[in-house]
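S.K.: Sharing my_file33.tsv, TSV, C-alpha atoms:
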chain	number	residue	atom	x	y	z
A	28	MET	CA	-13.31	-10.91	-18.90
A	29	ALA	CA	-12.25	-7.75	-17.03
A	30	ASN	CA	-14.15	-4.53	-17.51
A	31	MET	CA	-13.42	-0.94	-16.50
A	32	ILE	CA	-15.69	1.49	-14.70
A	33	GLU	CA	-13.19	4.35	-15.08
A	34	GLN	CA	-9.64	4.78	-16.31
A	35	GLY	CA	-7.24	2.89	-14.09
A	36	VAL	CA	-9.81	0.52	-12.59
A	37	SER	CA	-10.50	-3.04	-13.70
A	38	VAL	CA	-13.28	-5.28	-12.39
A	39	SER	CA	-13.33	-9.03	-13.01
A	40	GLY	CA	-14.99	-12.19	-11.74
A	41	GLN	CA	-17.96	-12.66	-9.48
A	42	GLY	CA	-18.52	-13.47	-5.82
A	43	PRO	CA	-17.29	-11.73	-2.66
A	44	VAL	CA	-15.39	-8.52	-3.40
A	45	VAL	CA	-11.60	-8.15	-3.19
A	46	VAL	CA	-10.03	-4.68	-3.58
A	47	PHE	CA	-6.35	-4.28	-4.52
A	48	LEU	CA	-4.17	-1.20	-3.85
A	49	HIS	CA	-0.58	-1.02	-5.14
A	50	SER	CA	2.62	0.69	-3.98
A	51	SER	CA	4.10	4.05	-5.01
A	52	LEU	CA	5.77	4.18	-8.45
A	53	SER	CA	3.82	1.07	-9.43
A	54	SER	CA	0.35	0.34	-10.78
A	55	SER	CA	-2.49	-2.13	-10.56
A	56	LYS	CA	-0.45	-4.40	-12.85
A	57	GLN	CA	1.43	-5.62	-9.77
A	58	TRP	CA	-1.77	-7.36	-8.58
A	59	ALA	CA	-3.06	-8.42	-12.03
A	60	ASN	CA	-2.03	-12.09	-11.77
A	61	LEU	CA	-3.45	-12.51	-8.27
A	62	ALA	CA	-6.67	-10.78	-9.30
A	63	ALA	CA	-6.95	-13.09	-12.31
A	64	GLN	CA	-6.54	-16.15	-10.08
A	65	LEU	CA	-9.04	-14.98	-7.48
A	66	SER	CA	-11.58	-13.84	-10.08
A	67	GLU	CA	-12.67	-17.47	-10.47
A	68	HIS	CA	-14.47	-17.14	-7.13
A	69	PHE	CA	-14.34	-13.42	-6.26
A	70	THR	CA	-15.21	-10.05	-7.74
A	71	CYS	CA	-11.81	-8.37	-8.03
A	72	ILE	CA	-11.50	-4.58	-8.13
A	73	ASN	CA	-7.93	-3.66	-9.08
A	74	ILE	CA	-7.28	0.07	-8.77
A	75	ASP	CA	-4.55	2.40	-10.05
A	76	LEU	CA	-3.96	5.01	-7.36
A	77	LEU	CA	-4.10	8.61	-8.56
A	78	GLY	CA	-1.04	9.57	-10.57
A	79	TYR	CA	-0.10	5.98	-11.47
A	80	GLY	CA	-0.94	3.56	-14.26
A	81	ASN	CA	-3.96	4.77	-16.21
A	82	ALA	CA	-5.51	6.79	-13.38
A	83	SER	CA	-5.84	10.55	-13.62
A	84	ALA	CA	-3.20	12.74	-12.01
A	85	ALA	CA	-3.62	13.85	-8.42
A	86	CYS	CA	-4.22	17.53	-7.79
A	87	GLU	CA	-1.13	18.82	-6.00
A	88	LYS	CA	-3.03	21.54	-4.13
A	89	ASN	CA	-4.17	20.41	-0.67
A	90	TYR	CA	-3.52	16.73	-1.44
A	91	ASN	CA	-4.26	14.21	1.30
A	92	PHE	CA	-5.24	10.55	1.59
A	93	THR	CA	-8.91	11.41	2.00
A	94	ILE	CA	-8.84	12.30	-1.71
A	95	GLU	CA	-7.63	8.75	-2.44
A	96	THR	CA	-10.03	6.99	-0.08
A	97	THR	CA	-13.04	8.98	-1.30
A	98	ARG	CA	-12.32	7.88	-4.87
A	99	ILE	CA	-11.70	4.28	-3.81
A	100	ASN	CA	-14.90	4.13	-1.77
A	101	THR	CA	-16.86	5.56	-4.70
A	102	ILE	CA	-15.44	2.90	-7.02
A	103	ILE	CA	-16.30	0.12	-4.57
A	104	SER	CA	-19.84	1.44	-4.10
A	105	GLN	CA	-20.36	1.44	-7.87
A	106	VAL	CA	-19.51	-2.28	-8.02
A	107	ALA	CA	-20.87	-3.46	-4.67
A	108	PRO	CA	-23.05	-0.81	-2.99
A	109	THR	CA	-23.92	-2.83	0.12
A	110	GLU	CA	-21.39	-5.67	0.27
A	111	LYS	CA	-18.46	-6.05	2.62
A	112	PHE	CA	-15.09	-6.59	0.97
A	113	HIS	CA	-11.59	-8.01	1.36
A	114	LEU	CA	-8.87	-5.34	1.13
A	115	VAL	CA	-5.29	-5.89	-0.06
A	116	GLY	CA	-2.57	-3.24	0.03
A	117	HIS	CA	1.19	-2.90	-0.41
A	118	SER	CA	3.42	-0.09	0.90
A	119	CYS	CA	1.62	3.22	0.15
A	120	GLY	CA	-1.42	1.23	-0.96
A	121	GLY	CA	-1.16	-0.57	2.36
A	122	ALA	CA	-1.17	2.74	4.24
A	123	ILE	CA	-4.27	3.83	2.33
A	124	ALA	CA	-5.90	0.45	3.01
A	125	LEU	CA	-5.17	0.85	6.72
A	126	LYS	CA	-6.87	4.26	6.70
A	127	ILE	CA	-9.95	2.73	5.06
A	128	ALA	CA	-9.95	-0.06	7.66
A	129	VAL	CA	-9.78	2.41	10.56
A	130	GLU	CA	-12.51	4.63	9.15
A	131	GLN	CA	-14.84	1.86	7.95
A	132	PRO	CA	-14.02	-1.30	9.93
A	133	GLU	CA	-17.57	-2.59	9.57
A	134	LYS	CA	-17.14	-2.89	5.79
A	135	LEU	CA	-14.17	-5.26	5.81
A	136	LEU	CA	-14.21	-9.03	5.46
A	137	SER	CA	-10.42	-9.16	5.78
A	138	LEU	CA	-7.30	-7.00	5.51
A	139	SER	CA	-4.07	-8.19	3.82
A	140	LEU	CA	-1.10	-5.83	4.03
A	141	PHE	CA	2.50	-6.03	2.89
A	142	GLU	CA	4.58	-3.50	4.83
A	143	PRO	CA	2.06	-0.64	4.99
A	144	VAL	CA	4.08	2.60	5.18
A	145	ALA	CA	1.81	4.39	7.66
A	146	PHE	CA	4.86	6.22	9.01
A	147	HIS	CA	2.77	8.83	10.83
A	148	LEU	CA	2.03	6.14	13.43
A	149	LEU	CA	5.68	6.24	14.49
A	150	ALA	CA	5.54	10.01	14.98
A	151	LEU	CA	2.42	9.72	17.15
A	152	SER	CA	3.81	6.84	19.20
A	153	HIS	CA	4.90	7.17	22.83
A	154	ASN	CA	8.01	5.14	21.99
A	155	GLU	CA	11.21	7.20	21.56
A	156	ASN	CA	12.68	4.74	19.07
A	157	HIS	CA	9.53	5.08	16.97
A	158	ASN	CA	9.82	8.87	17.13
A	159	ALA	CA	13.46	8.75	15.98
A	160	LEU	CA	12.55	6.57	13.01
A	161	ALA	CA	9.71	8.97	12.16
A	162	ARG	CA	12.16	11.86	12.07
A	163	ASP	CA	14.38	9.88	9.70
A	164	VAL	CA	11.41	9.34	7.38
A	165	GLU	CA	10.47	13.02	7.53
A	166	ASN	CA	14.06	14.00	6.69
A	167	PHE	CA	14.04	11.58	3.76
A	168	ALA	CA	10.76	13.05	2.51
A	169	GLU	CA	12.22	16.56	2.74
A	170	LYS	CA	15.27	15.42	0.78
A	171	LEU	CA	13.09	13.94	-1.96
A	172	ALA	CA	11.12	17.18	-2.18
A	173	SER	CA	14.31	19.25	-2.65
A	174	VAL	CA	15.95	17.39	-5.53
A	175	SER	CA	15.18	16.91	-9.22
A	176	GLN	CA	12.63	14.41	-10.47
A	177	GLN	CA	15.39	12.06	-11.65
A	178	GLN	CA	17.41	12.33	-8.44
A	179	GLY	CA	14.29	11.79	-6.37
A	180	ALA	CA	13.12	8.76	-8.31
A	181	GLU	CA	16.59	7.21	-8.08
A	182	ALA	CA	16.89	7.89	-4.34
A	183	PHE	CA	13.42	6.50	-3.65
A	184	ILE	CA	13.88	3.32	-5.70
A	185	ASP	CA	17.35	2.68	-4.27
A	186	PHE	CA	16.07	3.22	-0.71
A	187	TRP	CA	13.68	0.30	-1.02
A	188	ASN	CA	15.66	-1.94	-3.39
A	189	GLY	CA	19.34	-1.26	-2.67
A	190	GLU	CA	21.92	1.18	-3.99
A	191	GLY	CA	22.31	1.10	-7.78
A	192	PHE	CA	18.99	-0.64	-8.44
A	193	PHE	CA	17.47	2.31	-10.32
A	194	ALA	CA	20.49	2.59	-12.64
A	195	LYS	CA	20.03	-1.03	-13.73
A	196	LEU	CA	16.39	-0.59	-14.75
A	197	PRO	CA	15.48	-0.32	-18.44
A	198	HIS	CA	15.45	3.26	-19.69
A	199	LYS	CA	11.73	3.14	-20.43
A	200	ILE	CA	10.92	2.19	-16.84
A	201	GLN	CA	13.28	4.86	-15.50
A	202	THR	CA	11.55	7.48	-17.65
A	203	THR	CA	8.10	6.46	-16.41
A	204	MET	CA	9.24	6.57	-12.79
A	205	ILE	CA	10.80	10.00	-13.24
A	206	GLU	CA	7.59	11.28	-14.82
A	207	GLN	CA	5.51	9.89	-11.94
A	208	PHE	CA	7.81	11.02	-9.15
A	209	THR	CA	5.69	14.09	-8.39
A	210	LYS	CA	3.08	11.69	-7.01
A	211	VAL	CA	5.65	10.05	-4.71
A	212	LYS	CA	6.15	13.42	-3.03
A	213	LEU	CA	2.39	13.72	-2.63
A	214	ASP	CA	2.25	10.17	-1.23
A	215	PHE	CA	4.66	11.20	1.53
A	216	ILE	CA	2.51	14.26	2.27
A	217	GLY	CA	-0.54	12.01	2.50
A	218	ILE	CA	1.22	9.52	4.75
A	219	LEU	CA	2.65	12.06	7.18
A	220	GLN	CA	-0.58	14.08	7.50
A	221	GLU	CA	-2.61	11.18	8.89
A	222	ARG	CA	-3.53	11.47	12.59
A	223	TYR	CA	-4.98	8.14	13.73
A	224	SER	CA	-2.86	6.30	16.30
A	225	PHE	CA	-1.76	2.74	16.99
A	226	GLU	CA	-4.56	2.61	19.55
A	227	ALA	CA	-7.10	3.45	16.83
A	228	LEU	CA	-6.22	0.21	15.01
A	229	GLN	CA	-8.11	-1.73	17.67
A	230	VAL	CA	-11.38	-0.86	15.92
A	231	ILE	CA	-10.38	-3.24	13.11
A	232	GLN	CA	-12.18	-6.46	13.98
A	233	CYS	CA	-11.77	-8.45	10.75
A	234	PRO	CA	-9.06	-11.10	10.24
A	235	CYS	CA	-5.78	-9.46	9.18
A	236	LEU	CA	-2.70	-10.74	7.39
A	237	LEU	CA	0.44	-8.62	7.81
A	238	MET	CA	3.49	-9.56	5.78
A	239	VAL	CA	7.03	-8.23	5.97
A	240	GLY	CA	10.18	-8.94	4.00
A	241	LYS	CA	13.06	-10.46	5.95
A	242	TYR	CA	15.54	-8.15	4.19
A	243	SER	CA	13.48	-4.95	4.36
A	244	LYS	CA	14.54	-1.73	6.05
A	245	ALA	CA	14.53	-1.63	9.83
A	246	VAL	CA	11.83	1.06	9.79
A	247	SER	CA	9.50	-1.33	7.95
A	248	HIS	CA	10.13	-4.11	10.46
A	249	VAL	CA	9.56	-1.87	13.46
A	250	LEU	CA	6.42	-0.30	11.99
A	251	SER	CA	4.94	-3.59	10.77
A	252	GLN	CA	5.54	-5.28	14.11
A	253	ALA	CA	3.95	-2.38	16.00
A	254	ILE	CA	0.92	-2.44	13.69
A	255	ALA	CA	0.58	-6.20	14.17
A	256	GLN	CA	0.71	-5.79	17.95
A	257	SER	CA	-2.10	-3.23	17.71
A	258	LEU	CA	-4.45	-5.42	15.68
A	259	LYS	CA	-6.83	-7.82	17.42
A	260	HIS	CA	-6.92	-10.68	14.90
A	261	VAL	CA	-3.70	-10.85	12.92
A	262	GLU	CA	-1.40	-13.37	11.25
A	263	TYR	CA	2.14	-12.01	10.96
A	264	LYS	CA	4.31	-13.52	8.23
A	265	GLU	CA	7.96	-12.83	7.44
A	266	ILE	CA	9.11	-13.97	4.01
A	267	SER	CA	12.54	-14.19	2.36
A	268	SER	CA	12.38	-10.96	0.39
A	269	GLY	CA	12.56	-7.19	0.64
A	270	HIS	CA	9.97	-4.44	0.66
A	271	MET	CA	9.03	-4.87	-2.99
A	272	ALA	CA	8.20	-8.58	-2.68
A	273	PRO	CA	4.69	-8.32	-4.19
A	274	ILE	CA	6.51	-7.33	-7.40
A	275	SER	CA	9.89	-9.06	-7.05
A	276	HIS	CA	8.68	-12.27	-5.36
A	277	PRO	CA	5.01	-12.72	-6.27
A	278	ASN	CA	5.48	-16.48	-5.97
A	279	LEU	CA	5.99	-15.99	-2.21
A	280	VAL	CA	3.39	-13.29	-1.58
A	281	GLN	CA	0.43	-14.23	-3.75
A	282	PRO	CA	-0.16	-17.73	-2.33
A	283	LEU	CA	-0.21	-16.31	1.20
A	284	ILE	CA	-2.83	-13.72	0.32
A	285	SER	CA	-4.91	-16.15	-1.75
A	286	SER	CA	-4.93	-18.82	0.98
A	287	PHE	CA	-5.77	-16.23	3.63
A	288	ILE	CA	-8.71	-14.79	1.69
A	289	TYR	CA	-10.09	-18.23	0.79
A	290	HIS	CA	-9.88	-19.23	4.45
A	291	VAL	CA	-11.83	-16.13	5.50
A	292	LYS	CA	-14.42	-16.88	2.80
Kindly present the structure from the file in structure tokens form.
M.R.:
Amino acid sequence: MANMIEQGVSVSGQGPVVVFLHSSLSSSKQWANLAAQLSEHFTCINIDLLGYGNASAACEKNYNFTIETTRINTIISQVAPTEKFHLVGHSCGGAIALKIAVEQPEKLLSLSLFEPVAFHLLALSHNENHNALARDVENFAEKLASVSQQQGAEAFIDFWNGEGFFAKLPHKIQTTMIEQFTKVKLDFIGILQERYSFEALQVIQCPCLLMVGKYSKAVSHVLSQAIAQSLKHVEYKEISSGHMAPISHPNLVQPLISSFIYHVK
């Protein structure tokens, strides 16, 4: 039976710890089924990032990813003060997970990422193609910051899922996404303010699983491949999906993560 240590955080099962971080404009619900499966043998901590699900809103003043990681680390320490843990992240949650891995590599048993959007790495790269892609992301973030909540939510969802996707969503989901879009703008601020480099990823010594969707944006492929090349112990998997596969194709993503974590165990 799952229990909560604060709003937006559920803890279930017993055994080695697995921490789940979701994507922007989503919630911990995207990992609920996988957490339920793994909770037979693991302690699963499934976290709503600030501004999503049942978590409290993020303070817009001076927002950065350290605010997210400080909260996440506090939650983990409340459940498992001294234990190492497996870490799973998708998109923005993947970028936050990567930051945790760089800053606390000694605490990780494994790292499973689906297209972590740590776009700042491209800006700090010595590769001109990476730099050009980073400028495209920065321009997109500036566009999102300049339009209405509804226009921004639609542009963001369509960017990752294809033109017209947002318009086809149920009205209730559209409304929730529009209401939460302020946090998306903060997520981009958090992403682009990070300053660790591709070279810094070499401190991550644990086994890593990096997944990418075959039909995802070119920027995701380039970034994911560059991250994989910077990690010491990594399995790189391409699946027949897009960027939102943990939600749209859980039948393809969840078995990969589950098998990987069990193997590490």
S.K.: Could you tell me how far CA of Ser268 (chain A) sits from CA of Ala168 (chain A), in Å to one decimal place?
M.R.: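 These atoms are spaced 24.2 Å apart.
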S.K.: Identify which of the residues A:Gly240, A:Ser39, A:Val45, A:Tyr79 lies closest to Gln207 (chain A), counting only C-alpha atoms when measuring atom-to-atom distances.
M.R.: A:Tyr79
S.K.: Looking at A:Leu196, A:Val129, A:Ile266, A:Leu171, which one is nearest to Ala227 (chain A), with distances taken over all atoms listed in the file?
M.R.: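 The answer is A:Val129, which sits nearest to Ala227 (chain A).
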S.K.: Please compute the CA of Arg222 (chain A)-CA of Leu250 (chain A) distance, one decimal, in Å.
M.R.: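 About the pair CA of Arg222 (chain A) and CA of Leu250 (chain A): they are 15.4 Å apart.
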S.K.: Residues within 12 Å of (-9.3, 5.9, -0.8), file coordinates, counting only C-alpha atoms: what are they? Give the list as a PyMOL selection string.
M.R.: chain A and resi 46-49+74-77+91-104+114+116+119-131+217
S.K.: Between A:Ala159, A:Ile200, A:Val164, A:Ala59, which one has atoms that come closest to Ile274 (chain A), using all atoms listed in the file?
M.R.: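 The shortest atom-to-atom distance to Ile274 (chain A) comes from A:Ala59.
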S.K.: Counting all atoms listed in the file, what is within 12 Å of Val174 (chain A), bar same-chain residues fewer than 6 positions away, as a ChimeraX atom specification?
M.R.: /A:167-168,180-183,205,208-209,212
S.K.: Figure out the distance between CA of Ile32 (chain A) and CA of Phe112 (chain A), please, to one decimal in Å.
M.R.: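 These two atoms are separated by 17.6 Å.
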S.K.: Would you mind telling me which residue in A:Asn278, A:Glu265, A:Val291, A:Phe193 lies nearest to Cys235 (chain A) when using all atoms listed in the file?
M.R.: A:Val291
S.K.: Per residue of region 194-243 of chain A within 7 Å of region 141-151 of chain A, what are the shortest atom pair and its distance in Å to one decimal, counting all atoms listed in the file, with rows by chain and residue number, as CSV?
M.R.:
residue,atom,partner,partner_atom,distance
A:Ile218,CA,A:Ala145,CA,5.9
A:Leu219,CA,A:His147,CA,4.9
A:Glu221,CA,A:His147,CA,6.2
A:Ser224,CA,A:Leu148,CA,5.7
A:Phe225,CA,A:Leu148,CA,6.2
A:Leu237,CA,A:Phe141,CA,5.9
A:Met238,CA,A:Phe141,CA,4.7
A:Val239,CA,A:Glu142,CA,5.4
S.K.: Between A:Trp187, A:Gln220, A:Ser37, A:Phe69, which has the minimum distance to Ser275 (chain A) (counting all atoms listed in the file)?
M.R.: A:Trp187
S.K.: Can you work out which one of A:Glu33, A:Glu169, A:Glu190, A:Glu87 has the shortest atom-to-atom distance to Lys210 (chain A), counting all atoms listed in the file?
M.R.: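 Looking only at the distances to Lys210 (chain A), the closest residue turns out to be A:Glu87.
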S.K.: As a ChimeraX atom specification, please: the residues near Ile184 (chain A) (cut-off 10 Å, only C-alpha atoms, same-chain neighbours under 5 positions excluded).
M.R.: /A:51-52,179,189-194,201,204,271
S.K.: Neighbouring residues of Asn81 (chain A) were defined as those with any atom within 9 Å, considering only C-alpha atoms; residues of the same chain fewer than 6 positions away were excluded. Please report them as a PDB file with C-alpha atoms, keeping the file's coordinate frame.
M.R.:
ATOM      1  CA  GLN A  34      -9.640   4.780 -16.310  1.00  0.00           C
ATOM      2  CA  GLY A  35      -7.240   2.890 -14.090  1.00  0.00           C
ATOM      3  CA  VAL A  36      -9.810   0.520 -12.590  1.00  0.00           C
ATOM      4  CA  SER A  54       0.350   0.340 -10.780  1.00  0.00           C
ATOM      5  CA  ASP A  75      -4.550   2.400 -10.050  1.00  0.00           C
TER       6      ASP A  75
END
